[in-house]
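K.L.:
One structure, as structure tokens, below. Some questions next.
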Amino acid sequence: MKTAFKVSSIFVRSVCLLHIVHEFFYEFTETKGESMIPTINARNDYVHVSKRYKNGKNVKLGDCIVAIKPTDPKQRVCKRITGLENDIILVDPSICNSNELKKYNNTTVSDVNYCFNSFIKVPKGHVWLTGDNLNHSIDSRSYNVVSMGLIVGKIYGANDFNKGSWRDLFGFRFIRNTLEREPDE
Amino acid sequence: MAPPVTIQTKEELDILEKVNRKNRKDDTKKSAKPKKYSITQYECFDNDKGQIECFPFKRIFQQVGEYRREITDETTNM
Amino acid sequence: MNKASLKSKYPILRNLFITATWIPVVLTITTNVTNIAQIDGISMRPTLNPTDFSKDWVLLWKWKWSLYKNLKKNDIIIFKSPMDYRKKLCKRITGIENDLITTKHPYPVDRVVLPKSHLWVNGDNTFHSIDSNTFGAISSGLVIGKVVCVIWPPSRWQFFSNDE
């Protein structure tokens, strides 16, 4: 009786410790969905999430983050930040993109007017999120700006268990901020 | 969806920018030269061979001091 | 050195260690199940903080699995401000998903239909409250907990039942 009590007490304490680490420091979790291809695969990819960036603390433009989905708090989404507060950004420039795309869908002049001429200013305390795979992603373009309070953490690496062997570290790679300085004219 | 955001056109933004620049003349002198940044995202399709093919799509941002504005248009992704 | 001698030699250290292992348990409960909070400000008058002389302490229910499904109209909730995650706000829910809301002054549009999983929140003290009329509907993912009862001061001890 006494040992049963002791074992369950130790069990409770370790589960809670693990939970606290997950909640406030670090999480290793599976992701699903096509929205971040080619950065993160549609299946069997596991991401390393740092909780130091919870609530969007110190996030930068171009960071890859995990957030609670605003239209369904039980789900979490993994997206890239393409607008911080006070930034002025285009709502959806991708729908009328370059020449390659015209093979797939016929864009018209009126579309061009829309996608390169409708700006919004991201309000205070919010971010604009888009998936890296722009045409298979439900993101800020449909549910609008996302409050920073919904950000759970920042992704700094991922493991691909499709290539699962210890020799290539189970497909580990860093997921970097993709913001780049462009050369001045 | 909070809070309500309004969609603005390029012309409206240009007017706003002009007004703002007048209001803080000294600030703009210090950092008058705009810096350009880009984020590359992708558009992926399943092609005929059943593979996923991704085309990069670059979004360009122009920053003057704290003020950042996207300048992606039909010429930047040729 | 075996375990028994360690136990007798450093009783204080051992007790400290055992106490420390319970800290995560307490933290887990306060972040996920229930917690107490002090109410600041006058936006919920007369329901909470009715006078300037004392601040109410309330009991919060935080267990998310029951929370998201059971948020109803008239519940009092504490949530992260959508404009600044460091600020926690306490308001009453006046609309849930799919409701048609007639808005008040600072809001730019007269009527809105609330999107899925979004809430419309207002302070009871209509004229001294920054609420959904300023920042719009909030996602229920921002909700921290539901106010169950006032526990301090004792004279104000009361439950907030929600029978419509």
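So you can find residues: chains in the structure tokens are A, B, ... in the order shown, residues in each start at 1, and ligands are numbered from 1 in order.
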Among chain A, which ones does DSSP place in helix (DSSP H, G or I), written as a ChimeraX atom specification?

P.N.:
/A:2-24,51-56,93-96,99-102,109-115,134-136,140-143,148-150,161-163,166-171

K.L.:
Could you produce a table of the residues of chain C lying within 10 Å of chain A, with the nearest pair of atoms per residue and their separation in Å rounded to one decimal, using only C-alpha atoms, ordered by chain and increasing residue number, as a Markdown table?

P.N.:
| residue | atom | partner | partner_atom | distance |
| --- | --- | --- | --- | --- |
| C:Thr21 | CA | A:Arg13 | CA | 6.5 |
| C:Trp22 | CA | A:Arg13 | CA | 6.3 |
| C:Ile23 | CA | A:Leu17 | CA | 8.4 |
| C:Pro24 | CA | A:Leu17 | CA | 5.0 |
| C:Val25 | CA | A:Cys16 | CA | 5.2 |
| C:Val26 | CA | A:Cys16 | CA | 8.6 |
| C:Leu27 | CA | A:Ile20 | CA | 7.4 |
| C:Thr28 | CA | A:Cys16 | CA | 6.0 |
| C:Ile29 | CA | A:Cys16 | CA | 8.8 |
| C:Thr31 | CA | A:Ile20 | CA | 9.2 |
| C:Lys64 | CA | A:Lys74 | CA | 9.0 |
| C:Trp65 | CA | A:Lys74 | CA | 8.5 |
| C:Tyr68 | CA | A:Pro73 | CA | 7.6 |
| C:Phe79 | CA | A:Gly149 | CA | 9.5 |
| C:Lys80 | CA | A:Gly149 | CA | 6.5 |
| C:Ser81 | CA | A:Gly149 | CA | 7.7 |
| C:Pro82 | CA | A:Ser147 | CA | 5.3 |
| C:Met83 | CA | A:Gly125 | CA | 4.3 |
| C:Asp84 | CA | A:Gly125 | CA | 5.1 |
| C:Tyr85 | CA | A:Gly149 | CA | 4.9 |
| C:Arg86 | CA | A:Gly149 | CA | 8.4 |
| C:Lys87 | CA | A:Gly149 | CA | 10.0 |
| C:Glu97 | CA | A:Thr71 | CA | 9.7 |
| C:Pro115 | CA | A:Thr71 | CA | 7.3 |
| C:Lys116 | CA | A:Thr71 | CA | 5.3 |
| C:Ser117 | CA | A:Thr71 | CA | 5.1 |
| C:His118 | CA | A:Thr71 | CA | 7.0 |
| C:Phe135 | CA | A:Pro123 | CA | 9.7 |
| C:Ile138 | CA | A:Pro70 | CA | 8.6 |
| C:Ser139 | CA | A:Pro70 | CA | 5.3 |
| C:Ser140 | CA | A:Pro73 | CA | 6.6 |
| C:Gly141 | CA | A:Pro73 | CA | 4.8 |
| C:Leu142 | CA | A:Leu150 | CA | 6.4 |
| C:Val143 | CA | A:Gly149 | CA | 9.7 |

K.L.:
Using C-alpha atoms, can you write the selected residues to a file as a compact mmCIF listing (two decimals), in the first residue's frame?

P.N.:
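As a result, result-v9.txt now contains:
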# COMPACT_ATOMS: atom_id res chain seq x y z
CA THR C 21 9.89 18.19 -6.59
CA TRP C 22 6.39 19.34 -5.70
CA ILE C 23 6.86 22.79 -7.27
CA PRO C 24 6.05 21.55 -10.81
CA VAL C 25 2.86 19.97 -9.47
CA VAL C 26 1.73 23.25 -7.94
CA LEU C 27 2.68 25.14 -11.12
CA THR C 28 0.79 22.67 -13.29
CA ILE C 29 -2.33 23.13 -11.21
CA THR C 31 -1.48 27.19 -14.91
CA LYS C 64 -9.06 24.16 -21.08
CA TRP C 65 -10.85 21.02 -22.25
CA TYR C 68 -13.48 26.08 -24.69
CA PHE C 79 -8.16 36.81 -20.95
CA LYS C 80 -4.96 38.16 -22.46
CA SER C 81 -5.54 41.53 -24.06
CA PRO C 82 -5.36 41.06 -27.85
CA MET C 83 -3.40 44.31 -28.15
CA ASP C 84 -0.84 43.48 -25.45
CA TYR C 85 -0.31 39.95 -24.13
CA ARG C 86 1.21 41.25 -20.88
CA LYS C 87 -2.11 42.78 -19.84
CA GLU C 97 -19.68 32.43 -32.27
CA PRO C 115 -16.51 34.17 -36.54
CA LYS C 116 -16.00 30.62 -35.32
CA SER C 117 -14.52 30.34 -31.80
CA HIS C 118 -14.63 34.08 -31.24
CA PHE C 135 -10.43 45.83 -30.11
CA ILE C 138 -11.37 37.98 -29.37
CA SER C 139 -10.34 34.41 -30.16
CA SER C 140 -11.25 32.02 -27.35
CA GLY C 141 -7.62 30.91 -27.46
CA LEU C 142 -6.81 34.09 -25.52
CA VAL C 143 -9.04 33.12 -22.60

K.L.:
Which residues are close to range 44-46 of chain A, i.e. within 10 Å by only C-alpha atoms, leaving aside same-chain residues fewer than 5 positions away? Reply as a VMD selection string.

P.N.:
chain A and resid 28 to 33 157 to 164 171 to 172

K.L.:
Keeping all heavy atoms, export the residues of the selection given above as a compact mmCIF listing (two decimals), in the first residue's frame.

P.N.:
# COMPACT_ATOMS: atom_id res chain seq x y z
N PHE A 28 8.97 19.06 -28.22
CA PHE A 28 9.31 18.31 -29.43
C PHE A 28 8.03 17.67 -29.90
O PHE A 28 7.46 16.83 -29.20
CB PHE A 28 10.36 17.26 -29.07
CG PHE A 28 10.89 16.51 -30.24
CD1 PHE A 28 11.47 17.17 -31.31
CD2 PHE A 28 10.83 15.13 -30.28
CE1 PHE A 28 11.96 16.48 -32.40
CE2 PHE A 28 11.33 14.42 -31.36
CZ PHE A 28 11.90 15.11 -32.42
N THR A 29 7.53 18.08 -31.06
CA THR A 29 6.17 17.66 -31.39
C THR A 29 6.00 17.40 -32.88
O THR A 29 6.72 17.95 -33.70
CB THR A 29 5.17 18.72 -30.88
OG1 THR A 29 3.86 18.27 -31.14
CG2 THR A 29 5.38 20.05 -31.57
N GLU A 30 5.05 16.55 -33.22
CA GLU A 30 4.80 16.21 -34.61
C GLU A 30 3.99 17.30 -35.30
O GLU A 30 3.17 17.96 -34.66
CB GLU A 30 4.03 14.88 -34.70
CG GLU A 30 4.03 14.33 -36.10
CD GLU A 30 3.18 13.08 -36.23
OE1 GLU A 30 2.55 12.67 -35.25
OE2 GLU A 30 3.16 12.52 -37.34
N THR A 31 4.24 17.50 -36.59
CA THR A 31 3.41 18.43 -37.34
C THR A 31 2.80 17.71 -38.52
O THR A 31 3.38 16.78 -39.05
CB THR A 31 4.21 19.63 -37.89
OG1 THR A 31 5.25 19.11 -38.71
CG2 THR A 31 4.80 20.45 -36.79
N LYS A 32 1.63 18.16 -38.89
CA LYS A 32 0.96 17.58 -40.06
C LYS A 32 0.46 18.69 -40.93
O LYS A 32 0.19 19.78 -40.47
CB LYS A 32 -0.23 16.72 -39.59
CG LYS A 32 0.20 15.35 -39.11
CD LYS A 32 -1.02 14.49 -38.84
CE LYS A 32 -0.62 13.24 -38.08
NZ LYS A 32 -1.35 13.08 -36.84
N GLY A 33 0.34 18.42 -42.21
CA GLY A 33 -0.27 19.39 -43.10
C GLY A 33 0.70 19.93 -44.13
O GLY A 33 1.91 19.89 -43.94
N GLY A 157 14.19 24.08 -35.18
CA GLY A 157 14.76 22.93 -35.87
C GLY A 157 13.69 21.89 -36.13
O GLY A 157 12.60 21.97 -35.59
N ALA A 158 14.03 20.93 -37.00
CA ALA A 158 13.07 19.87 -37.28
C ALA A 158 13.80 18.57 -37.59
O ALA A 158 14.93 18.59 -38.07
CB ALA A 158 12.17 20.26 -38.44
N ASN A 159 13.15 17.46 -37.27
CA ASN A 159 13.66 16.15 -37.61
C ASN A 159 12.73 15.49 -38.61
O ASN A 159 11.52 15.51 -38.44
CB ASN A 159 13.74 15.26 -36.38
CG ASN A 159 15.02 15.48 -35.62
OD1 ASN A 159 15.03 16.23 -34.67
ND2 ASN A 159 16.09 14.85 -36.06
N ASP A 160 13.32 14.91 -39.64
CA ASP A 160 12.54 14.22 -40.65
C ASP A 160 12.71 12.73 -40.44
O ASP A 160 13.74 12.17 -40.78
CB ASP A 160 13.02 14.65 -42.03
CG ASP A 160 12.23 13.99 -43.13
OD1 ASP A 160 11.32 13.21 -42.80
OD2 ASP A 160 12.52 14.26 -44.30
N PHE A 161 11.69 12.06 -39.89
CA PHE A 161 11.83 10.63 -39.62
C PHE A 161 11.56 9.77 -40.85
O PHE A 161 11.59 8.57 -40.78
CB PHE A 161 10.95 10.22 -38.44
CG PHE A 161 11.54 10.66 -37.13
CD1 PHE A 161 10.98 11.70 -36.40
CD2 PHE A 161 12.68 10.05 -36.65
CE1 PHE A 161 11.54 12.11 -35.21
CE2 PHE A 161 13.25 10.46 -35.45
CZ PHE A 161 12.68 11.48 -34.73
N ASN A 162 11.30 10.41 -42.01
CA ASN A 162 11.28 9.65 -43.25
C ASN A 162 12.69 9.18 -43.57
O ASN A 162 12.89 8.12 -44.14
CB ASN A 162 10.78 10.52 -44.41
CG ASN A 162 9.34 10.95 -44.19
OD1 ASN A 162 8.57 10.24 -43.54
ND2 ASN A 162 9.00 12.11 -44.70
N LYS A 163 13.67 10.03 -43.21
CA LYS A 163 15.07 9.67 -43.44
C LYS A 163 15.67 9.14 -42.16
O LYS A 163 16.78 9.47 -41.79
CB LYS A 163 15.86 10.90 -43.89
CG LYS A 163 15.41 11.50 -45.18
CD LYS A 163 16.24 12.74 -45.44
CE LYS A 163 15.60 13.61 -46.52
NZ LYS A 163 15.89 15.02 -46.30
N GLY A 164 14.87 8.37 -41.41
CA GLY A 164 15.26 8.03 -40.06
C GLY A 164 16.46 7.12 -39.94
O GLY A 164 16.33 5.90 -39.94
N GLY A 171 17.56 13.12 -39.89
CA GLY A 171 17.13 14.22 -40.77
C GLY A 171 17.03 15.56 -40.08
O GLY A 171 16.19 16.37 -40.43
N PHE A 172 17.89 15.79 -39.09
CA PHE A 172 17.81 17.08 -38.38
C PHE A 172 18.32 18.22 -39.24
O PHE A 172 19.30 18.10 -39.94
CB PHE A 172 18.62 17.03 -37.08
CG PHE A 172 18.56 18.34 -36.33
CD1 PHE A 172 17.49 18.62 -35.50
CD2 PHE A 172 19.55 19.30 -36.49
CE1 PHE A 172 17.41 19.83 -34.84
CE2 PHE A 172 19.48 20.52 -35.84
CZ PHE A 172 18.41 20.77 -35.00

K.L.:
Residues of chain B within 7 Å of chain A: nearest atom pair and distance (Å, one decimal) for each, counting only C-alpha atoms, sorted by chain and number, as CSV?

P.N.:
residue,atom,partner,partner_atom,distance
B:Met1,CA,A:Asn144,CA,5.7
B:Val5,CA,A:Ile120,CA,6.9
B:Thr6,CA,A:Ile120,CA,6.3
B:Ile7,CA,A:Ile120,CA,5.1
B:Gln8,CA,A:Phe119,CA,5.0
B:Thr9,CA,A:Ser118,CA,5.1
B:Lys10,CA,A:Asn117,CA,5.7
B:Lys36,CA,A:Glu182,CA,5.2
B:Tyr37,CA,A:Arg181,CA,4.5
B:Ser38,CA,A:Glu180,CA,5.2
B:Ile39,CA,A:Leu179,CA,4.9
B:Thr40,CA,A:Thr178,CA,6.7
B:Gln41,CA,A:Asp132,CA,4.8
B:Tyr42,CA,A:Asn133,CA,5.0
B:Glu43,CA,A:Asn133,CA,5.2
B:Cys44,CA,A:Asn133,CA,6.0
B:Tyr67,CA,A:Asp87,CA,7.0
B:Arg68,CA,A:Asp87,CA,5.2
B:Arg69,CA,A:Ile88,CA,4.5
B:Glu70,CA,A:Ile89,CA,4.9
B:Thr72,CA,A:Phe116,CA,7.0
B:Asp73,CA,A:Phe116,CA,5.4
B:Asn77,CA,A:Ser98,CA,5.6
B:Met78,CA,A:Ser98,CA,5.7

K.L.:
As a ChimeraX atom specification, please: every residue in chain B that DSSP puts in strand (DSSP E).

P.N.:
/B:35-46,52-64,67-70

K.L.:
With C-alpha atoms retained, could you export that selection as a PDB file, in the first residue's frame?

P.N.:
ATOM      1  CA  LYS B  35      16.839  49.357 -46.636  1.00  0.00           C
ATOM      2  CA  LYS B  36      15.335  46.480 -48.524  1.00  0.00           C
ATOM      3  CA  TYR B  37      14.578  43.045 -47.107  1.00  0.00           C
ATOM      4  CA  SER B  38      12.971  39.965 -48.565  1.00  0.00           C
ATOM      5  CA  ILE B  39      11.245  36.802 -47.391  1.00  0.00           C
ATOM      6  CA  THR B  40      11.038  33.915 -49.820  1.00  0.00           C
ATOM      7  CA  GLN B  41       7.995  31.671 -49.662  1.00  0.00           C
ATOM      8  CA  TYR B  42       6.793  29.057 -52.136  1.00  0.00           C
ATOM      9  CA  GLU B  43       3.910  27.889 -54.242  1.00  0.00           C
ATOM     10  CA  CYS B  44       3.899  24.138 -54.564  1.00  0.00           C
ATOM     11  CA  PHE B  45       2.004  21.910 -56.973  1.00  0.00           C
ATOM     12  CA  ASP B  46       1.742  18.210 -57.618  1.00  0.00           C
ATOM     13  CA  ILE B  52       5.817  18.174 -55.517  1.00  0.00           C
ATOM     14  CA  GLU B  53       7.212  21.101 -57.456  1.00  0.00           C
ATOM     15  CA  CYS B  54       7.805  24.413 -55.695  1.00  0.00           C
ATOM     16  CA  PHE B  55       8.186  27.862 -57.218  1.00  0.00           C
ATOM     17  CA  PRO B  56       9.707  30.544 -55.029  1.00  0.00           C
ATOM     18  CA  PHE B  57       7.753  33.694 -54.371  1.00  0.00           C
ATOM     19  CA  LYS B  58       9.697  36.590 -52.969  1.00  0.00           C
ATOM     20  CA  ARG B  59       8.110  39.272 -50.841  1.00  0.00           C
ATOM     21  CA  ILE B  60      10.049  42.522 -50.626  1.00  0.00           C
ATOM     22  CA  PHE B  61       9.907  44.943 -47.714  1.00  0.00           C
ATOM     23  CA  GLN B  62      11.270  48.448 -47.587  1.00  0.00           C
ATOM     24  CA  GLN B  63      12.298  49.873 -44.256  1.00  0.00           C
ATOM     25  CA  VAL B  64      13.035  53.459 -43.288  1.00  0.00           C
ATOM     26  CA  TYR B  67       8.628  52.206 -40.737  1.00  0.00           C
ATOM     27  CA  ARG B  68       8.304  49.082 -42.845  1.00  0.00           C
ATOM     28  CA  ARG B  69       6.205  48.629 -45.928  1.00  0.00           C
ATOM     29  CA  GLU B  70       5.869  45.838 -48.447  1.00  0.00           C
TER      30      GLU B  70
END

K.L.:
Nearest to Arg52 in chain A among A:Phe5, A:Val127, A:Lys154, A:Ile65, with distances taken over only C-alpha atoms: which residue is it?

P.N.:
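So, comparing all the options, the nearest one is A:Lys154.
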
K.L.:
Smallest atom-to-atom distance to chain B: which of C:Ile42, C:Ile18, C:Leu59, C:Leu119, using only C-alpha atoms?

P.N.:
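Comparing C:Ile42, C:Ile18, C:Leu59, C:Leu119 against chain B, the winner is C:Leu119.
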
K.L.:
Could you list, as a list in words, every residue within 10 Å of Ile39 in chain C, counting only C-alpha atoms and ignoring same-chain residues fewer than 6 positions away?

P.N.:
Leu48, Asn49, Ser54, Lys55, Asp56, Trp57, Val58, Ile78, Lys88, Leu89, Cys90 and Val150 of chain C

K.L.:
Between C:Thr103, C:Thr126, C:Ser132, C:Gln158, single out the one closest to chain B, counting only C-alpha atoms.

P.N.:
C:Ser132

K.L.:
Between CA of Phe53 in chain C and CA of Ile76 in chain C, what is the spacing in Å?

P.N.:
22.0 Å

K.L.:
Please indicate the distance in Å from CA of Lys146 in chain C to CA of Leu67 in chain C, rounded to one decimal place.

P.N.:
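Distance between the two atoms: 7.7 Å.
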
K.L.:
Tell me which protein, DNA and RNA residues are within 10 Å of His128 in chain C, counting only C-alpha atoms, leaving out same-chain ones fewer than 3 positions away, and put them as a short mmCIF file (atom, residue, chain, number, x, y, z; two decimals) with N, CA and C atoms, in the first residue's frame.

P.N.:
data_model
loop_
_atom_site.label_atom_id
_atom_site.label_comp_id
_atom_site.auth_asym_id
_atom_site.auth_seq_id
_atom_site.Cartn_x
_atom_site.Cartn_y
_atom_site.Cartn_z
N GLY C 41 -8.97 47.66 -11.30
CA GLY C 41 -9.72 48.59 -12.15
C GLY C 41 -11.22 48.56 -11.92
N ILE C 42 -11.87 49.46 -12.64
CA ILE C 42 -13.29 49.69 -12.35
C ILE C 42 -14.21 49.24 -13.47
N SER C 43 -13.68 48.55 -14.49
CA SER C 43 -14.50 48.29 -15.66
C SER C 43 -15.62 47.29 -15.41
N MET C 44 -15.54 46.49 -14.33
CA MET C 44 -16.59 45.50 -14.07
C MET C 44 -17.54 45.94 -12.96
N ARG C 45 -17.52 47.20 -12.59
CA ARG C 45 -18.49 47.66 -11.60
C ARG C 45 -19.90 47.55 -12.15
N GLY C 123 -17.33 45.24 -20.63
CA GLY C 123 -17.30 45.49 -19.20
C GLY C 123 -18.69 45.82 -18.71
N ASP C 124 -18.98 45.54 -17.44
CA ASP C 124 -20.30 45.88 -16.90
C ASP C 124 -20.45 47.39 -16.76
N ASN C 125 -19.32 48.05 -16.54
CA ASN C 125 -19.32 49.50 -16.40
C ASN C 125 -19.10 50.10 -17.78
N ASP C 131 -13.16 47.49 -24.29
CA ASP C 131 -13.64 46.13 -24.55
C ASP C 131 -13.74 45.87 -26.04
#
